[in-house]
>>> print(open('model.cif').read())   # mmCIF, N, CA and C atoms
data_start
#
loop_
_atom_site.label_atom_id
_atom_site.label_comp_id
_atom_site.auth_asym_id
_atom_site.auth_seq_id
_atom_site.Cartn_x
_atom_site.Cartn_y
_atom_site.Cartn_z
N MET A 299 -0.49 -9.28 -21.35
CA MET A 299 -0.44 -8.25 -20.32
C MET A 299 0.91 -8.36 -19.60
N GLU A 300 1.52 -7.22 -19.35
CA GLU A 300 2.82 -7.19 -18.68
C GLU A 300 2.69 -7.59 -17.21
N LEU A 301 3.78 -8.15 -16.69
CA LEU A 301 3.80 -8.57 -15.28
C LEU A 301 3.58 -7.39 -14.34
N THR A 302 4.16 -6.22 -14.67
CA THR A 302 3.96 -5.07 -13.78
C THR A 302 2.52 -4.58 -13.80
N MET A 303 1.82 -4.77 -14.91
CA MET A 303 0.41 -4.38 -14.98
C MET A 303 -0.43 -5.30 -14.11
N ILE A 304 -0.14 -6.60 -14.15
CA ILE A 304 -0.84 -7.54 -13.27
C ILE A 304 -0.58 -7.18 -11.82
N GLY A 305 0.68 -6.88 -11.50
CA GLY A 305 1.03 -6.46 -10.14
C GLY A 305 0.30 -5.20 -9.72
N ALA A 306 0.14 -4.28 -10.66
CA ALA A 306 -0.56 -3.03 -10.36
C ALA A 306 -2.03 -3.30 -10.04
N TYR A 307 -2.65 -4.20 -10.80
CA TYR A 307 -4.05 -4.54 -10.50
C TYR A 307 -4.18 -5.22 -9.14
N VAL A 308 -3.26 -6.11 -8.83
CA VAL A 308 -3.27 -6.77 -7.51
C VAL A 308 -3.07 -5.73 -6.41
N GLY A 309 -2.09 -4.83 -6.62
CA GLY A 309 -1.83 -3.78 -5.65
C GLY A 309 -3.02 -2.86 -5.45
N MET A 310 -3.66 -2.50 -6.56
CA MET A 310 -4.85 -1.65 -6.49
C MET A 310 -5.94 -2.33 -5.67
N PHE A 311 -6.17 -3.60 -5.91
CA PHE A 311 -7.18 -4.33 -5.16
C PHE A 311 -6.83 -4.37 -3.67
N MET A 312 -5.55 -4.57 -3.35
CA MET A 312 -5.13 -4.63 -1.95
C MET A 312 -5.38 -3.30 -1.23
N VAL A 313 -5.00 -2.21 -1.88
CA VAL A 313 -5.19 -0.88 -1.28
C VAL A 313 -6.68 -0.57 -1.12
N LEU A 314 -7.46 -0.86 -2.14
CA LEU A 314 -8.90 -0.60 -2.05
C LEU A 314 -9.58 -1.49 -1.00
N ALA A 315 -9.16 -2.75 -0.90
CA ALA A 315 -9.73 -3.65 0.12
C ALA A 315 -9.40 -3.15 1.52
N ALA A 316 -8.17 -2.72 1.73
CA ALA A 316 -7.78 -2.19 3.04
C ALA A 316 -8.58 -0.94 3.37
N PHE A 317 -8.70 -0.04 2.40
CA PHE A 317 -9.44 1.20 2.63
C PHE A 317 -10.91 0.93 2.91
N ALA A 318 -11.50 0.04 2.13
CA ALA A 318 -12.92 -0.29 2.33
C ALA A 318 -13.13 -0.91 3.71
N ALA A 319 -12.27 -1.82 4.10
CA ALA A 319 -12.39 -2.47 5.41
C ALA A 319 -12.23 -1.45 6.54
N GLU A 320 -11.32 -0.51 6.35
CA GLU A 320 -11.09 0.51 7.39
C GLU A 320 -12.28 1.45 7.50
N THR A 321 -12.82 1.88 6.38
CA THR A 321 -13.95 2.82 6.43
C THR A 321 -15.23 2.17 6.94
N ARG A 322 -15.33 0.86 6.83
CA ARG A 322 -16.51 0.14 7.35
C ARG A 322 -16.31 -0.29 8.79
N GLY A 323 -15.16 0.02 9.40
CA GLY A 323 -14.91 -0.32 10.79
C GLY A 323 -14.52 -1.79 11.00
N ILE A 324 -14.13 -2.47 9.93
CA ILE A 324 -13.76 -3.88 10.03
C ILE A 324 -12.33 -4.02 10.57
N VAL A 325 -11.46 -3.12 10.16
CA VAL A 325 -10.08 -3.10 10.66
C VAL A 325 -9.72 -1.67 11.04
N SER A 326 -8.72 -1.54 11.88
CA SER A 326 -8.18 -0.23 12.25
C SER A 326 -7.06 0.13 11.27
N SER A 327 -6.88 1.41 11.02
CA SER A 327 -5.80 1.84 10.15
C SER A 327 -4.43 1.60 10.79
N ARG A 328 -4.41 1.20 12.04
CA ARG A 328 -3.15 0.86 12.72
C ARG A 328 -2.95 -0.64 12.85
N SER A 329 -3.89 -1.43 12.34
CA SER A 329 -3.78 -2.87 12.49
C SER A 329 -2.74 -3.44 11.52
N PHE A 330 -2.18 -4.57 11.90
CA PHE A 330 -1.18 -5.23 11.08
C PHE A 330 -1.72 -5.56 9.69
N ASN A 331 -2.92 -6.10 9.61
CA ASN A 331 -3.50 -6.48 8.32
C ASN A 331 -3.68 -5.29 7.39
N TYR A 332 -4.17 -4.19 7.93
CA TYR A 332 -4.36 -2.98 7.13
C TYR A 332 -3.02 -2.48 6.60
N LEU A 333 -2.06 -2.36 7.50
CA LEU A 333 -0.75 -1.84 7.12
C LEU A 333 -0.04 -2.76 6.13
N LEU A 334 -0.20 -4.06 6.31
CA LEU A 334 0.43 -5.01 5.38
C LEU A 334 -0.18 -4.89 3.98
N LEU A 335 -1.51 -4.82 3.91
CA LEU A 335 -2.16 -4.63 2.61
C LEU A 335 -1.70 -3.34 1.95
N MET A 336 -1.62 -2.27 2.73
CA MET A 336 -1.18 -0.99 2.19
C MET A 336 0.28 -1.04 1.74
N ALA A 337 1.15 -1.62 2.54
CA ALA A 337 2.58 -1.66 2.19
C ALA A 337 2.80 -2.46 0.91
N ILE A 338 2.23 -3.64 0.83
CA ILE A 338 2.43 -4.47 -0.36
C ILE A 338 1.71 -3.88 -1.57
N GLY A 339 0.48 -3.45 -1.36
CA GLY A 339 -0.28 -2.87 -2.47
C GLY A 339 0.39 -1.65 -3.06
N GLU A 340 0.84 -0.76 -2.22
CA GLU A 340 1.51 0.45 -2.71
C GLU A 340 2.86 0.13 -3.34
N ALA A 341 3.56 -0.87 -2.80
CA ALA A 341 4.84 -1.27 -3.41
C ALA A 341 4.61 -1.79 -4.83
N LEU A 342 3.56 -2.57 -5.03
CA LEU A 342 3.24 -3.07 -6.36
C LEU A 342 2.85 -1.93 -7.31
N LEU A 343 2.05 -1.00 -6.82
CA LEU A 343 1.68 0.15 -7.65
C LEU A 343 2.89 1.03 -7.96
N THR A 344 3.79 1.15 -7.00
CA THR A 344 5.01 1.94 -7.20
C THR A 344 5.90 1.31 -8.26
N ALA A 345 6.00 -0.02 -8.24
CA ALA A 345 6.81 -0.70 -9.25
C ALA A 345 6.29 -0.40 -10.65
N ARG A 346 4.99 -0.44 -10.82
CA ARG A 346 4.40 -0.13 -12.13
C ARG A 346 4.65 1.33 -12.51
N ALA A 347 4.48 2.23 -11.56
CA ALA A 347 4.71 3.64 -11.85
C ALA A 347 6.17 3.90 -12.23
N TYR A 348 7.08 3.20 -11.59
CA TYR A 348 8.50 3.33 -11.91
C TYR A 348 8.79 2.86 -13.34
N VAL A 349 8.26 1.69 -13.68
CA VAL A 349 8.49 1.11 -15.01
C VAL A 349 7.92 2.01 -16.11
N THR A 350 6.81 2.66 -15.83
CA THR A 350 6.17 3.51 -16.85
C THR A 350 6.58 4.98 -16.74
N ASN A 351 7.58 5.26 -15.90
CA ASN A 351 8.11 6.63 -15.72
C ASN A 351 7.08 7.63 -15.23
N GLU A 352 6.17 7.18 -14.41
CA GLU A 352 5.19 8.08 -13.79
C GLU A 352 5.75 8.50 -12.43
N TRP A 353 6.71 9.42 -12.46
CA TRP A 353 7.50 9.73 -11.28
C TRP A 353 6.73 10.31 -10.11
N PRO A 354 5.80 11.23 -10.28
CA PRO A 354 5.07 11.71 -9.10
C PRO A 354 4.33 10.59 -8.38
N PHE A 355 3.71 9.70 -9.17
CA PHE A 355 2.98 8.59 -8.58
C PHE A 355 3.95 7.59 -7.94
N ALA A 356 5.10 7.37 -8.58
CA ALA A 356 6.11 6.46 -8.02
C ALA A 356 6.61 6.97 -6.67
N VAL A 357 6.87 8.26 -6.59
CA VAL A 357 7.35 8.85 -5.34
C VAL A 357 6.28 8.75 -4.26
N LEU A 358 5.06 9.13 -4.60
CA LEU A 358 3.96 9.07 -3.64
C LEU A 358 3.75 7.64 -3.14
N GLY A 359 3.66 6.68 -4.06
CA GLY A 359 3.45 5.29 -3.68
C GLY A 359 4.59 4.73 -2.86
N GLY A 360 5.81 5.10 -3.23
CA GLY A 360 6.98 4.63 -2.48
C GLY A 360 7.00 5.14 -1.06
N ILE A 361 6.66 6.41 -0.89
CA ILE A 361 6.61 6.98 0.45
C ILE A 361 5.48 6.35 1.25
N TRP A 362 4.35 6.16 0.64
CA TRP A 362 3.20 5.54 1.31
C TRP A 362 3.56 4.13 1.76
N ALA A 363 4.16 3.36 0.86
CA ALA A 363 4.57 1.99 1.20
C ALA A 363 5.61 1.99 2.32
N ALA A 364 6.53 2.93 2.27
CA ALA A 364 7.57 3.00 3.30
C ALA A 364 6.97 3.32 4.68
N PHE A 365 6.04 4.26 4.73
CA PHE A 365 5.40 4.58 6.00
C PHE A 365 4.62 3.38 6.56
N ALA A 366 3.93 2.68 5.69
CA ALA A 366 3.18 1.50 6.14
C ALA A 366 4.13 0.42 6.66
N ALA A 367 5.22 0.17 5.93
CA ALA A 367 6.20 -0.83 6.36
C ALA A 367 6.86 -0.42 7.68
N TYR A 368 7.20 0.87 7.79
CA TYR A 368 7.80 1.36 9.03
C TYR A 368 6.84 1.19 10.21
N SER A 369 5.57 1.45 9.98
CA SER A 369 4.57 1.31 11.05
C SER A 369 4.37 -0.14 11.46
N ILE A 370 4.61 -1.08 10.55
CA ILE A 370 4.55 -2.49 10.91
C ILE A 370 5.74 -2.85 11.79
N MET A 371 6.93 -2.40 11.38
CA MET A 371 8.15 -2.73 12.12
C MET A 371 8.26 -2.01 13.45
N LYS A 372 7.74 -0.80 13.51
CA LYS A 372 7.84 0.01 14.72
C LYS A 372 6.50 0.67 14.99
N PRO A 373 5.54 -0.10 15.54
CA PRO A 373 4.21 0.47 15.77
C PRO A 373 4.26 1.62 16.78
N PRO A 374 3.33 2.56 16.66
CA PRO A 374 3.30 3.67 17.62
C PRO A 374 3.02 3.16 19.02
N SER A 375 3.65 3.80 19.99
CA SER A 375 3.43 3.37 21.37
C SER A 375 2.06 3.83 21.85
N GLU A 376 1.46 3.02 22.68
CA GLU A 376 0.16 3.37 23.27
C GLU A 376 0.37 4.45 24.31
N GLN A 377 -0.53 5.44 24.31
CA GLN A 377 -0.39 6.54 25.29
C GLN A 377 -1.55 6.59 26.21
#
>>> encode(input="model.cif", output="structure tokens")
Amino acid sequence: MELTMIGAYVGMFMVLAAFAAETRGIVSSRSFNYLLLMAIGEALLTARAYVTNEWPFAVLGGIWAAFAAYSIMKPPSEQ
């Protein structure tokens, strides 16, 4: 099995775990843990999509990962 495929499976698990935890009310979609799982998971999925030339998925995953990483570095201000 290729390294990028292993990374994709790990990334998929991270994204699904974050989503499941958020939908069950265990974490907030603005929490550090949720955003970190999403950022890393999507980055891993994006790497696989890039290697396999799945450009729409690579672009989507890259943007998703970037938004999650940006939200970690610069969280929204409380209003």
>>> closest_residue(input="model.cif", among="A:Phe311, A:Phe317, A:Phe355, A:Trp362", to="Ala341 (chain A)", atoms="only N, CA and C atoms")
A:Trp362
>>> resolve_selection(input="model.cif", expression="the PyMOL selection byres ((chain A and resi 340) around 7)", output="number ranges by chain")
A: 309-310, 312-313, 335-339, 341-345, 359-360, 362-363
>>> closest_residue(input="model.cif", among="A:Glu300, A:Ser369, A:Val308, A:Ala356", to="Arg328 (chain A)", atoms="all atoms listed in the file")
A:Ser369
>>> atom_distance(input="model.cif", atom1="CA of Ser329 (chain A)", atom2="CA of Tyr368 (chain A)")
12.8 Å
